[in-house]
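Chemist: To be precise about what I am sending: the file is called input_14.cif and holds mmCIF, C-alpha atoms.
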```
data_entry
loop_
_atom_site.group_PDB
_atom_site.id
_atom_site.type_symbol
_atom_site.label_atom_id
_atom_site.label_comp_id
_atom_site.auth_asym_id
_atom_site.auth_seq_id
_atom_site.Cartn_x
_atom_site.Cartn_y
_atom_site.Cartn_z
ATOM 1 C CA ARG X 10 -11.510 18.108 13.112
ATOM 2 C CA SER X 11 -9.200 20.847 11.881
ATOM 3 C CA ALA X 12 -5.694 20.155 10.625
ATOM 4 C CA GLY X 13 -4.643 22.962 12.980
ATOM 5 C CA ASP X 14 -5.858 21.012 16.002
ATOM 6 C CA PRO X 15 -2.864 20.537 18.364
ATOM 7 C CA GLU X 16 -3.777 16.884 18.889
ATOM 8 C CA ILE X 17 -3.911 16.263 15.124
ATOM 9 C CA LYS X 18 -0.568 18.011 14.737
ATOM 10 C CA GLN X 19 0.943 15.894 17.494
ATOM 11 C CA MET X 20 -0.428 12.752 15.846
ATOM 12 C CA PHE X 21 1.194 13.770 12.574
ATOM 13 C CA LEU X 22 4.535 14.333 14.280
ATOM 14 C CA ASP X 23 4.235 10.998 16.087
ATOM 15 C CA GLU X 24 3.760 9.197 12.787
ATOM 16 C CA ALA X 25 6.677 11.101 11.271
ATOM 17 C CA ARG X 26 8.923 10.064 14.137
ATOM 18 C CA ILE X 27 7.965 6.403 13.812
ATOM 19 C CA ALA X 28 8.056 6.292 10.019
ATOM 20 C CA GLY X 29 11.483 7.932 10.096
ATOM 21 C CA LEU X 30 12.877 4.807 11.775
ATOM 22 C CA LEU X 31 11.833 2.616 8.870
ATOM 23 C CA ARG X 32 14.523 2.029 6.250
ATOM 24 C CA HIS X 33 13.929 -0.707 3.687
ATOM 25 C CA PRO X 34 14.213 -0.948 -0.128
ATOM 26 C CA ASN X 35 10.475 -1.683 -0.381
ATOM 27 C CA VAL X 36 9.291 1.263 1.726
ATOM 28 C CA VAL X 37 9.175 4.962 0.860
ATOM 29 C CA SER X 38 11.488 6.487 3.463
ATOM 30 C CA VAL X 39 10.765 9.602 5.489
ATOM 31 C CA LEU X 40 13.870 11.754 5.107
ATOM 32 C CA ASP X 41 12.976 14.718 7.279
ATOM 33 C CA VAL X 42 10.134 16.400 9.124
ATOM 34 C CA GLY X 43 9.591 20.096 9.584
ATOM 35 C CA GLU X 44 7.073 22.874 10.009
ATOM 36 C CA ASP X 45 6.467 26.078 8.066
ATOM 37 C CA ALA X 46 3.774 28.742 7.972
ATOM 38 C CA THR X 47 1.243 26.265 6.589
ATOM 39 C CA GLY X 48 1.933 23.583 9.193
ATOM 40 C CA PRO X 49 4.090 20.486 9.661
ATOM 41 C CA PHE X 50 5.284 18.487 6.678
ATOM 42 C CA LEU X 51 7.265 15.383 5.770
ATOM 43 C CA ILE X 52 9.995 15.077 3.167
ATOM 44 C CA MET X 53 10.008 11.602 1.613
ATOM 45 C CA ASP X 54 11.797 9.714 -1.115
ATOM 46 C CA TYR X 55 10.767 10.756 -4.603
ATOM 47 C CA VAL X 56 9.638 7.697 -6.577
ATOM 48 C CA GLU X 57 9.769 8.102 -10.329
ATOM 49 C CA GLY X 58 7.251 5.702 -11.762
ATOM 50 C CA VAL X 59 3.594 4.797 -11.289
ATOM 51 C CA SER X 60 1.284 3.676 -8.540
ATOM 52 C CA LEU X 61 -0.183 0.202 -8.706
ATOM 53 C CA ALA X 62 -3.592 1.836 -9.151
ATOM 54 C CA GLN X 63 -2.324 3.595 -12.281
ATOM 55 C CA LEU X 64 -0.825 0.373 -13.581
ATOM 56 C CA ILE X 65 -4.083 -1.532 -13.123
ATOM 57 C CA ARG X 66 -6.103 1.215 -14.814
ATOM 58 C CA GLY X 67 -3.580 1.477 -17.634
ATOM 59 C CA ARG X 68 -3.797 -2.242 -18.343
ATOM 60 C CA GLN X 69 -7.585 -2.014 -18.459
ATOM 61 C CA ILE X 70 -7.485 0.853 -20.952
ATOM 62 C CA SER X 71 -4.573 -0.114 -23.220
ATOM 63 C CA ALA X 72 -4.325 -3.891 -23.093
ATOM 64 C CA GLY X 73 -7.800 -4.755 -21.882
ATOM 65 C CA GLU X 74 -6.364 -7.455 -19.674
ATOM 66 C CA PRO X 75 -5.002 -7.825 -16.120
ATOM 67 C CA VAL X 76 -1.354 -8.063 -15.164
ATOM 68 C CA PRO X 77 0.517 -11.293 -16.117
ATOM 69 C CA ALA X 78 1.037 -13.837 -13.332
ATOM 70 C CA GLN X 79 4.802 -13.414 -13.108
ATOM 71 C CA ILE X 80 4.622 -9.616 -13.001
ATOM 72 C CA GLY X 81 1.932 -9.712 -10.339
ATOM 73 C CA LEU X 82 4.012 -12.074 -8.220
ATOM 74 C CA ARG X 83 7.068 -9.819 -8.548
ATOM 75 C CA ILE X 84 5.005 -6.850 -7.356
ATOM 76 C CA LEU X 85 3.333 -8.643 -4.465
ATOM 77 C CA VAL X 86 6.472 -10.265 -3.079
ATOM 78 C CA GLN X 87 8.186 -6.878 -2.804
ATOM 79 C CA ALA X 88 5.105 -5.318 -1.223
ATOM 80 C CA ALA X 89 5.003 -8.158 1.309
ATOM 81 C CA ARG X 90 8.685 -7.610 2.140
ATOM 82 C CA GLY X 91 8.011 -3.923 2.755
ATOM 83 C CA LEU X 92 5.135 -4.751 5.087
ATOM 84 C CA ALA X 93 7.274 -7.316 6.897
ATOM 85 C CA ALA X 94 9.926 -4.667 7.534
ATOM 86 C CA ALA X 95 7.297 -2.331 8.948
ATOM 87 C CA HIS X 96 5.639 -4.955 11.112
ATOM 88 C CA GLU X 97 9.002 -6.042 12.528
ATOM 89 C CA LEU X 98 10.277 -2.516 13.173
ATOM 90 C CA THR X 99 11.932 -1.900 16.531
ATOM 91 C CA SER X 100 12.918 1.247 18.383
ATOM 92 C CA PRO X 101 16.589 2.182 18.903
ATOM 93 C CA SER X 102 16.320 0.449 22.286
ATOM 94 C CA GLY X 103 15.090 -2.754 20.636
ATOM 95 C CA ALA X 104 11.417 -2.525 21.608
ATOM 96 C CA HIS X 105 8.974 -3.892 19.040
ATOM 97 C CA LEU X 106 6.952 -0.928 17.748
ATOM 98 C CA GLU X 107 3.991 -2.957 16.438
ATOM 99 C CA LEU X 108 3.751 -0.729 13.366
ATOM 100 C CA VAL X 109 0.668 -1.302 11.213
ATOM 101 C CA HIS X 110 0.092 0.546 7.940
ATOM 102 C CA ARG X 111 -3.736 0.424 7.958
ATOM 103 C CA ASP X 112 -4.074 1.910 4.465
ATOM 104 C CA VAL X 113 -2.600 -0.722 2.139
ATOM 105 C CA SER X 114 -4.168 -0.144 -1.286
ATOM 106 C CA PRO X 115 -3.089 0.123 -4.939
ATOM 107 C CA GLN X 116 -2.728 3.888 -4.498
ATOM 108 C CA ASN X 117 -0.110 3.383 -1.793
ATOM 109 C CA ILE X 118 2.012 0.835 -3.636
ATOM 110 C CA LEU X 119 4.503 2.541 -5.948
ATOM 111 C CA LEU X 120 6.575 1.020 -8.757
ATOM 112 C CA ASP X 121 9.693 2.875 -9.859
ATOM 113 C CA LEU X 122 11.256 2.678 -13.309
ATOM 114 C CA GLY X 123 13.960 0.327 -12.026
ATOM 115 C CA GLY X 124 11.443 -2.323 -11.020
ATOM 116 C CA THR X 125 11.458 -1.671 -7.266
ATOM 117 C CA VAL X 126 8.115 -1.739 -5.437
ATOM 118 C CA ARG X 127 7.627 0.489 -2.399
ATOM 119 C CA ILE X 128 4.915 0.838 0.204
ATOM 120 C CA ALA X 129 4.073 4.512 0.673
ATOM 121 C CA ASP X 130 2.204 6.670 3.161
ATOM 122 C CA PHE X 131 2.431 5.450 6.708
ATOM 123 C CA GLY X 132 0.530 8.612 7.639
ATOM 124 C CA ILE X 133 -2.302 6.803 9.417
ATOM 125 C CA ALA X 134 -0.198 3.971 10.824
ATOM 126 C CA ARG X 135 -0.621 2.855 14.415
ATOM 127 C CA ALA X 136 2.351 2.026 16.599
ATOM 128 C CA ALA X 137 3.231 1.519 20.242
ATOM 129 C CA GLY X 138 4.887 4.418 22.005
ATOM 130 C CA ARG X 139 3.005 7.251 20.294
ATOM 131 C CA SER X 140 1.917 10.152 22.474
ATOM 132 C CA THR X 141 -1.565 10.381 20.956
ATOM 133 C CA GLU X 142 -4.133 7.620 20.669
ATOM 134 C CA THR X 143 -6.499 6.970 17.786
ATOM 135 C CA GLU X 144 -10.080 7.924 18.617
ATOM 136 C CA ARG X 145 -12.218 4.848 19.110
ATOM 137 C CA GLY X 146 -15.162 4.749 16.707
ATOM 138 C CA VAL X 147 -13.285 6.510 13.895
ATOM 139 C CA LEU X 148 -12.391 4.399 10.861
ATOM 140 C CA LYS X 149 -9.073 5.172 9.210
ATOM 141 C CA GLY X 150 -8.195 3.918 5.742
ATOM 142 C CA LYS X 151 -10.057 3.368 2.471
ATOM 143 C CA LEU X 152 -13.352 1.569 3.043
ATOM 144 C CA GLY X 153 -12.884 -0.983 0.271
ATOM 145 C CA TYR X 154 -9.638 -2.233 1.870
ATOM 146 C CA LEU X 155 -10.606 -2.386 5.549
ATOM 147 C CA ALA X 156 -10.492 -5.696 7.397
ATOM 148 C CA PRO X 157 -13.621 -7.036 9.143
ATOM 149 C CA GLU X 158 -12.149 -6.460 12.605
ATOM 150 C CA THR X 159 -11.510 -2.817 11.709
ATOM 151 C CA LEU X 160 -15.114 -2.321 10.615
ATOM 152 C CA GLN X 161 -16.273 -3.887 13.882
ATOM 153 C CA PHE X 162 -13.953 -1.624 15.931
ATOM 154 C CA ALA X 163 -12.434 -4.752 17.440
ATOM 155 C CA ASP X 164 -8.847 -5.159 18.561
ATOM 156 C CA SER X 165 -6.593 -5.500 15.523
ATOM 157 C CA ASP X 166 -2.954 -6.043 14.628
ATOM 158 C CA HIS X 167 -0.684 -6.347 11.590
ATOM 159 C CA ARG X 168 -3.049 -8.878 10.008
ATOM 160 C CA VAL X 169 -5.330 -6.043 8.862
ATOM 161 C CA ASP X 170 -2.556 -5.196 6.398
ATOM 162 C CA LEU X 171 -2.503 -8.804 5.180
ATOM 163 C CA PHE X 172 -6.246 -8.690 4.526
ATOM 164 C CA ALA X 173 -5.771 -5.493 2.512
ATOM 165 C CA LEU X 174 -2.885 -7.104 0.607
ATOM 166 C CA GLY X 175 -5.246 -9.928 -0.339
ATOM 167 C CA ILE X 176 -7.668 -7.396 -1.800
ATOM 168 C CA VAL X 177 -4.800 -5.744 -3.685
ATOM 169 C CA ALA X 178 -3.762 -9.150 -5.068
ATOM 170 C CA PHE X 179 -7.287 -9.890 -6.277
ATOM 171 C CA GLU X 180 -7.543 -6.512 -8.007
ATOM 172 C CA LEU X 181 -4.079 -6.812 -9.505
ATOM 173 C CA PHE X 182 -4.788 -10.190 -11.103
ATOM 174 C CA THR X 183 -8.391 -9.504 -12.166
ATOM 175 C CA GLY X 184 -8.203 -5.831 -13.092
ATOM 176 C CA ARG X 185 -11.371 -4.972 -11.161
ATOM 177 C CA ARG X 186 -12.309 -3.711 -7.705
ATOM 178 C CA LEU X 187 -13.301 -6.347 -5.191
ATOM 179 C CA TYR X 188 -15.405 -4.233 -2.823
ATOM 180 C CA LYS X 189 -16.696 -1.420 -5.001
ATOM 181 C CA GLY X 190 -19.791 0.713 -4.606
ATOM 182 C CA VAL X 191 -21.287 3.956 -3.362
ATOM 183 C CA ASP X 192 -23.344 2.523 -0.520
ATOM 184 C CA VAL X 193 -21.113 2.446 2.544
ATOM 185 C CA LYS X 194 -23.310 -0.010 4.433
ATOM 186 C CA GLU X 195 -23.435 -2.404 1.485
ATOM 187 C CA ILE X 196 -19.649 -2.390 1.080
ATOM 188 C CA ALA X 197 -19.121 -2.932 4.794
ATOM 189 C CA ASN X 198 -21.668 -5.764 4.836
ATOM 190 C CA ARG X 199 -19.915 -7.487 1.926
ATOM 191 C CA ILE X 200 -16.556 -7.282 3.658
ATOM 192 C CA LEU X 201 -18.047 -8.650 6.866
ATOM 193 C CA HIS X 202 -20.158 -11.465 5.450
ATOM 194 C CA GLU X 203 -19.443 -12.227 1.787
ATOM 195 C CA PRO X 204 -17.258 -15.361 1.370
ATOM 196 C CA PRO X 205 -13.750 -14.688 0.037
ATOM 197 C CA PRO X 206 -13.711 -14.893 -3.775
ATOM 198 C CA ASP X 207 -12.130 -17.752 -5.686
ATOM 199 C CA LEU X 208 -9.359 -16.056 -7.653
ATOM 200 C CA GLY X 209 -8.924 -19.195 -9.753
ATOM 201 C CA MET X 210 -12.386 -18.754 -11.244
ATOM 202 C CA HIS X 211 -11.310 -15.383 -12.641
ATOM 203 C CA ARG X 212 -7.746 -16.396 -13.548
ATOM 204 C CA PRO X 213 -7.477 -20.160 -14.200
ATOM 205 C CA ASP X 214 -3.900 -19.606 -15.420
ATOM 206 C CA LEU X 215 -2.672 -18.702 -11.922
ATOM 207 C CA PRO X 216 -0.845 -21.246 -9.739
ATOM 208 C CA ASP X 217 -3.052 -23.115 -7.259
ATOM 209 C CA GLY X 218 -0.749 -21.997 -4.455
ATOM 210 C CA LEU X 219 -1.434 -18.344 -5.279
ATOM 211 C CA VAL X 220 -5.188 -18.884 -5.364
ATOM 212 C CA GLU X 221 -4.983 -20.555 -1.956
ATOM 213 C CA LEU X 222 -2.806 -17.780 -0.529
ATOM 214 C CA VAL X 223 -5.229 -15.044 -1.610
ATOM 215 C CA PHE X 224 -8.117 -17.030 -0.146
ATOM 216 C CA ARG X 225 -6.255 -17.226 3.193
ATOM 217 C CA LEU X 226 -5.360 -13.535 3.133
ATOM 218 C CA LEU X 227 -9.042 -12.682 2.724
ATOM 219 C CA ALA X 228 -10.209 -14.818 5.642
ATOM 220 C CA LYS X 229 -12.705 -12.974 7.846
ATOM 221 C CA GLU X 230 -11.039 -14.220 11.028
ATOM 222 C CA PRO X 231 -7.498 -12.863 11.566
ATOM 223 C CA GLU X 232 -6.275 -16.171 13.004
ATOM 224 C CA LEU X 233 -7.050 -17.918 9.696
ATOM 225 C CA ARG X 234 -4.797 -15.578 7.716
ATOM 226 C CA PRO X 235 -1.043 -16.147 7.320
ATOM 227 C CA ALA X 236 0.736 -15.306 10.561
ATOM 228 C CA THR X 237 3.117 -12.696 9.169
ATOM 229 C CA ALA X 238 3.960 -10.683 6.073
ATOM 230 C CA ARG X 239 7.302 -12.465 6.020
ATOM 231 C CA GLU X 240 5.468 -15.782 5.648
ATOM 232 C CA VAL X 241 3.453 -14.290 2.780
ATOM 233 C CA ALA X 242 6.639 -13.067 1.080
ATOM 234 C CA ALA X 243 8.244 -16.505 1.404
ATOM 235 C CA THR X 244 5.210 -18.200 -0.170
ATOM 236 C CA LEU X 245 5.157 -15.684 -3.026
ATOM 237 C CA ASP X 246 8.889 -16.176 -3.549
ATOM 238 C CA HIS X 247 8.456 -19.938 -3.987
ATOM 239 C CA LEU X 248 5.572 -19.417 -6.408
ATOM 240 C CA LEU X 249 7.614 -16.910 -8.407
ATOM 241 C CA VAL X 250 10.545 -19.317 -8.709
ATOM 242 C CA ASP X 251 8.219 -21.976 -10.124
ATOM 243 C CA VAL X 252 6.631 -19.589 -12.625
ATOM 244 C CA VAL X 253 9.990 -18.260 -13.820
ATOM 245 C CA SER X 254 11.330 -21.798 -14.257
ATOM 246 C CA ASP X 255 8.329 -22.604 -16.465
ATOM 247 C CA GLU X 256 8.221 -19.524 -18.680
ATOM 248 C CA GLY X 257 11.558 -17.730 -18.236
ATOM 249 C CA PRO X 258 12.125 -14.367 -16.538
ATOM 250 C CA THR X 259 10.133 -11.231 -17.336
ATOM 251 C CA PRO X 260 11.906 -8.322 -15.568
ATOM 252 C CA LEU X 261 9.601 -5.945 -13.742
ATOM 253 C CA ASP X 262 11.549 -2.856 -14.812
ATOM 254 C CA GLU X 263 11.010 -3.654 -18.509
ATOM 255 C CA PHE X 264 7.300 -4.161 -17.886
ATOM 256 C CA VAL X 265 6.956 -0.859 -16.004
ATOM 257 C CA MET X 266 8.804 1.039 -18.750
ATOM 258 C CA GLN X 267 6.346 -0.358 -21.290
ATOM 259 C CA GLU X 268 3.430 0.848 -19.179
ATOM 260 C CA VAL X 269 4.686 4.403 -18.548
ATOM 261 C CA ALA X 270 4.406 6.991 -21.294
ATOM 262 C CA LEU X 271 7.693 8.797 -21.976
ATOM 263 C CA ASP X 272 5.823 12.107 -22.174
ATOM 264 C CA ASP X 273 4.559 11.580 -18.632
ATOM 265 C CA ILE X 274 8.073 10.873 -17.376
ATOM 266 C CA GLU X 275 9.437 14.050 -18.949
ATOM 267 C CA ALA X 276 6.543 16.113 -17.556
ATOM 268 C CA ARG X 277 7.200 14.796 -14.054
ATOM 269 C CA ARG X 278 10.906 15.516 -14.345
ATOM 270 C CA ALA X 279 10.116 19.091 -15.383
ATOM 271 C CA GLN X 280 7.857 19.501 -12.341
ATOM 272 C CA LEU X 281 10.578 18.159 -10.065
ATOM 273 C CA ALA X 282 13.180 20.484 -11.572
ATOM 274 C CA ALA X 283 10.857 23.462 -11.060
ATOM 275 C CA ALA X 284 10.269 22.495 -7.449
ATOM 276 C CA MET X 285 13.957 21.998 -6.721
ATOM 277 C CA SER X 286 14.819 25.427 -8.116
ATOM 278 C CA ALA X 287 12.252 27.188 -5.903
ATOM 279 C CA PRO X 288 12.907 28.439 -2.331
ATOM 280 C CA PRO X 289 12.608 25.607 0.245
ATOM 281 C CA ALA X 290 9.099 26.397 1.510
ATOM 282 C CA ALA X 291 7.805 27.062 -2.000
ATOM 283 C CA ALA X 292 9.434 23.885 -3.252
ATOM 284 C CA VAL X 293 7.580 21.798 -0.683
ATOM 285 C CA HIS X 294 4.295 23.529 -1.586
ATOM 286 C CA HIS X 295 4.959 22.991 -5.309
ATOM 287 C CA MET X 296 5.612 19.289 -4.831
ATOM 288 C CA LEU X 297 2.477 18.919 -2.715
ATOM 289 C CA MET X 298 0.316 20.608 -5.321
ATOM 290 C CA SER X 299 1.799 19.157 -8.514
ATOM 291 C CA SER X 300 3.408 15.810 -7.678
ATOM 292 C CA PRO X 301 1.670 13.189 -9.857
ATOM 293 C CA ALA X 302 -0.051 10.254 -8.214
ATOM 294 C CA GLY X 303 2.382 7.457 -7.652
ATOM 295 C CA CYS X 304 5.406 9.700 -7.074
ATOM 296 C CA ALA X 305 5.907 10.276 -3.374
ATOM 297 C CA ALA X 306 7.699 13.498 -2.574
ATOM 298 C CA ALA X 307 6.256 15.234 0.461
ATOM 299 C CA SER X 308 3.293 15.198 2.782
ATOM 300 C CA SER X 309 1.672 17.641 5.161
ATOM 301 C CA ASP X 310 -1.125 17.666 7.682
ATOM 302 C CA ARG X 311 -3.465 19.582 5.371
ATOM 303 C CA GLY X 312 -5.591 16.585 4.560
ATOM 304 C CA VAL X 313 -5.625 14.954 8.000
#
```
Using the file provided, produce a representation of the structure as structure tokens.
Modeler:
Amino acid sequence: RSAGDPEIKQMFLDEARIAGLLRHPNVVSVLDVGEDATGPFLIMDYVEGVSLAQLIRGRQISAGEPVPAQIGLRILVQAARGLAAAHELTSPSGAHLELVHRDVSPQNILLDLGGTVRIADFGIARAAGRSTETERGVLKGKLGYLAPETLQFADSDHRVDLFALGIVAFELFTGRRLYKGVDVKEIANRILHEPPPDLGMHRPDLPDGLVELVFRLLAKEPELRPATAREVAATLDHLLVDVVSDEGPTPLDEFVMQEVALDDIEARRAQLAAAMSAPPAAAVHHMLMSSPAGCAAASSDRGV
């Protein structure tokens, strides 16, 4: 379907309206929505840093090892807090919006240079009160992060995001994809039927409580997963306190700065300066075309 389709455009504007209500330190905020000659667009927070996907790849290439336990816990607890804020979002009248991200993945988790983790891109989120409805029989999200109930086109809720967070946790701590492949049917079959992996077998240094949490997050049945993202955040918080008490604190901002090349930072700043000095419409186009992965700046309906 074309990005110029009125229904697609309305869906985009619906998501912009809903996402604009969400304000939380661990979420990339939508600052404004507009439309120009190329179509509607969003203006979002600019995040100077890296995506979790870049961080995982960088560790594989440079260090040849996955992320340390404490750093991984610091990342996941903030991501869980961001999801909790989204899942608990209410309208100005107080109605629960039932917001679900539906595309939680390492690409959509951003780490800024100050050590703050933010969930990005609520562009395919589902929420109550939207004027358009998602077409039944159309999967939305990255295949390797979809929950079993999504693949079966069954009724779903915020727990699809918790399943995806479990996959993210596994990949963060092991440095490898959980459901990887080129055969769509094979990947879907693995998600539906393959038992959840034992993270402890890959990382025996991780706390037993973390291994158990990831196992629960990856449960095939939604009712066997943690009830809420807030519960997940609380569990991760307790685990983090124990790890820090054992080995001392390792600040996330220092770790991120070690992982980001200074040349990359300067190049991104130059791109941002060029965009900001251009006319408004051209600036948005420039940011869309040149913004590095992991730095959220703007979004349009071009790729819908």
Chemist: Record the distance separating atom CA of Gly58 of chain X and atom CA of Gln280 of chain X, expressed in Å with one decimal.
Modeler: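 Interatomic distance, atom CA of Gly58 of chain X to atom CA of Gln280 of chain X: 13.8 Å.
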Chemist: Written as a list in words, which residues does the PyMOL selection byres ((chain X and resi 61-75) around 7) give for the file shown?
Modeler: Val59, Ser60, Val76, Pro77, Pro115, Gln116, Ile118, Leu119, Leu120, Leu181, Phe182, Thr183 and Gly184 of chain X
Chemist: Within 7 Å of Leu40 of chain X, counting only C-alpha atoms, which residues show up once you throw out same-chain ones fewer than 5 positions away? Write them as a PyMOL selection string, please.
Modeler: chain X and resi 29+52-54
Chemist: For the residues selected in the previous step, produce a file with C-alpha atoms as a CSV table (one decimal), in the coordinates of the input.
Modeler:
```csv
chain,number,residue,atom,x,y,z
X,29,GLY,CA,11.5,7.9,10.1
X,52,ILE,CA,10.0,15.1,3.2
X,53,MET,CA,10.0,11.6,1.6
X,54,ASP,CA,11.8,9.7,-1.1
```
Chemist: With the file shown as input, list the residues that the PyMOL selection byres ((chain X and resi 81) around 10) selects, as a list in words.
Modeler: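 For this structure, the PyMOL selection byres ((chain X and resi 81) around 10) captures Pro75, Val76, Pro77, Ala78, Gln79, Ile80, Leu82, Arg83, Ile84, Leu85, Val86, Ala178, Leu181, Phe182, Leu245, Leu249 and Leu261 of chain X.
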Chemist: Applied to the shown file, which residues does the PyMOL selection byres ((chain X and resi 251) around 12) return, written as a ChimeraX atom specification?
Modeler: /X:78-79,82,215-219,244-250,252-258
Chemist: When you count all atoms listed in the file, which of these residues is closest to Pro101 of chain X: X:Leu226, X:Ile27, X:Ala282, X:Val191?
Modeler: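 Of all the options, X:Ile27 lies closest to Pro101 of chain X.
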Chemist: Separation of atom CA of His110 of chain X and atom CA of Gln161 of chain X, in Å?
Modeler: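 Taking atom CA of His110 of chain X as the start and atom CA of Gln161 of chain X as the end point, the length is 18.0 Å.
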Chemist: Which is closer to Leu160 of chain X than all the others in X:Val39, X:Ile176, X:His202, X:Leu122, using only C-alpha atoms?
Modeler: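 Once distances to Leu160 of chain X are computed over only C-alpha atoms, the minimum belongs to X:His202.
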Chemist: Work out how far apart atom CA of Ala173 of chain X and atom CA of Pro49 of chain X are and give it in Å to one decimal.
Modeler: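 Between atom CA of Ala173 of chain X and atom CA of Pro49 of chain X the gap is 28.7 Å.
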Chemist: Let me make sure I understand: among X:Ala94, X:Pro235, X:Ala163, X:Gly153, which one has the smallest atom-to-atom distance to Ala197 of chain X if we use all atoms listed in the file?
Modeler: X:Gly153
Chemist: Is there a way to get, as a PDB file with C-alpha atoms, in the frame of the given file, all residues within 9 Å of the point (11.2, 12.8, -11.6) in file coordinates, counting all atoms listed in the file?
Modeler:
```pdb
ATOM      1  CA  TYR X  55      10.767  10.756  -4.603  1.00  0.00           C
ATOM      2  CA  VAL X  56       9.638   7.697  -6.577  1.00  0.00           C
ATOM      3  CA  GLU X  57       9.769   8.102 -10.329  1.00  0.00           C
ATOM      4  CA  GLY X  58       7.251   5.702 -11.762  1.00  0.00           C
ATOM      5  CA  ILE X 274       8.073  10.873 -17.376  1.00  0.00           C
ATOM      6  CA  GLU X 275       9.437  14.050 -18.949  1.00  0.00           C
ATOM      7  CA  ALA X 276       6.543  16.113 -17.556  1.00  0.00           C
ATOM      8  CA  ARG X 277       7.200  14.796 -14.054  1.00  0.00           C
ATOM      9  CA  ARG X 278      10.906  15.516 -14.345  1.00  0.00           C
ATOM     10  CA  ALA X 279      10.116  19.091 -15.383  1.00  0.00           C
ATOM     11  CA  GLN X 280       7.857  19.501 -12.341  1.00  0.00           C
ATOM     12  CA  LEU X 281      10.578  18.159 -10.065  1.00  0.00           C
ATOM     13  CA  ALA X 282      13.180  20.484 -11.572  1.00  0.00           C
ATOM     14  CA  CYS X 304       5.406   9.700  -7.074  1.00  0.00           C
TER      15      CYS X 304
END
```
Chemist: Give the answer as one residue: which of X:Ile17, X:Leu171, X:Val113, X:Val265 has the shortest atom-to-atom distance to Glu232 of chain X, using all atoms listed in the file?
Modeler: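 Going through X:Ile17, X:Leu171, X:Val113, X:Val265 one by one, the smallest distance to Glu232 of chain X is for X:Leu171.
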Chemist: Could you give me, as number ranges by chain, the residues within 10 Å of segment 236-238 of chain X, counting all atoms listed in the file and dropping anything in the same chain fewer than 5 positions from it?
Modeler: X: 86, 88-97, 167-168, 170-171, 174, 226, 231, 243-244
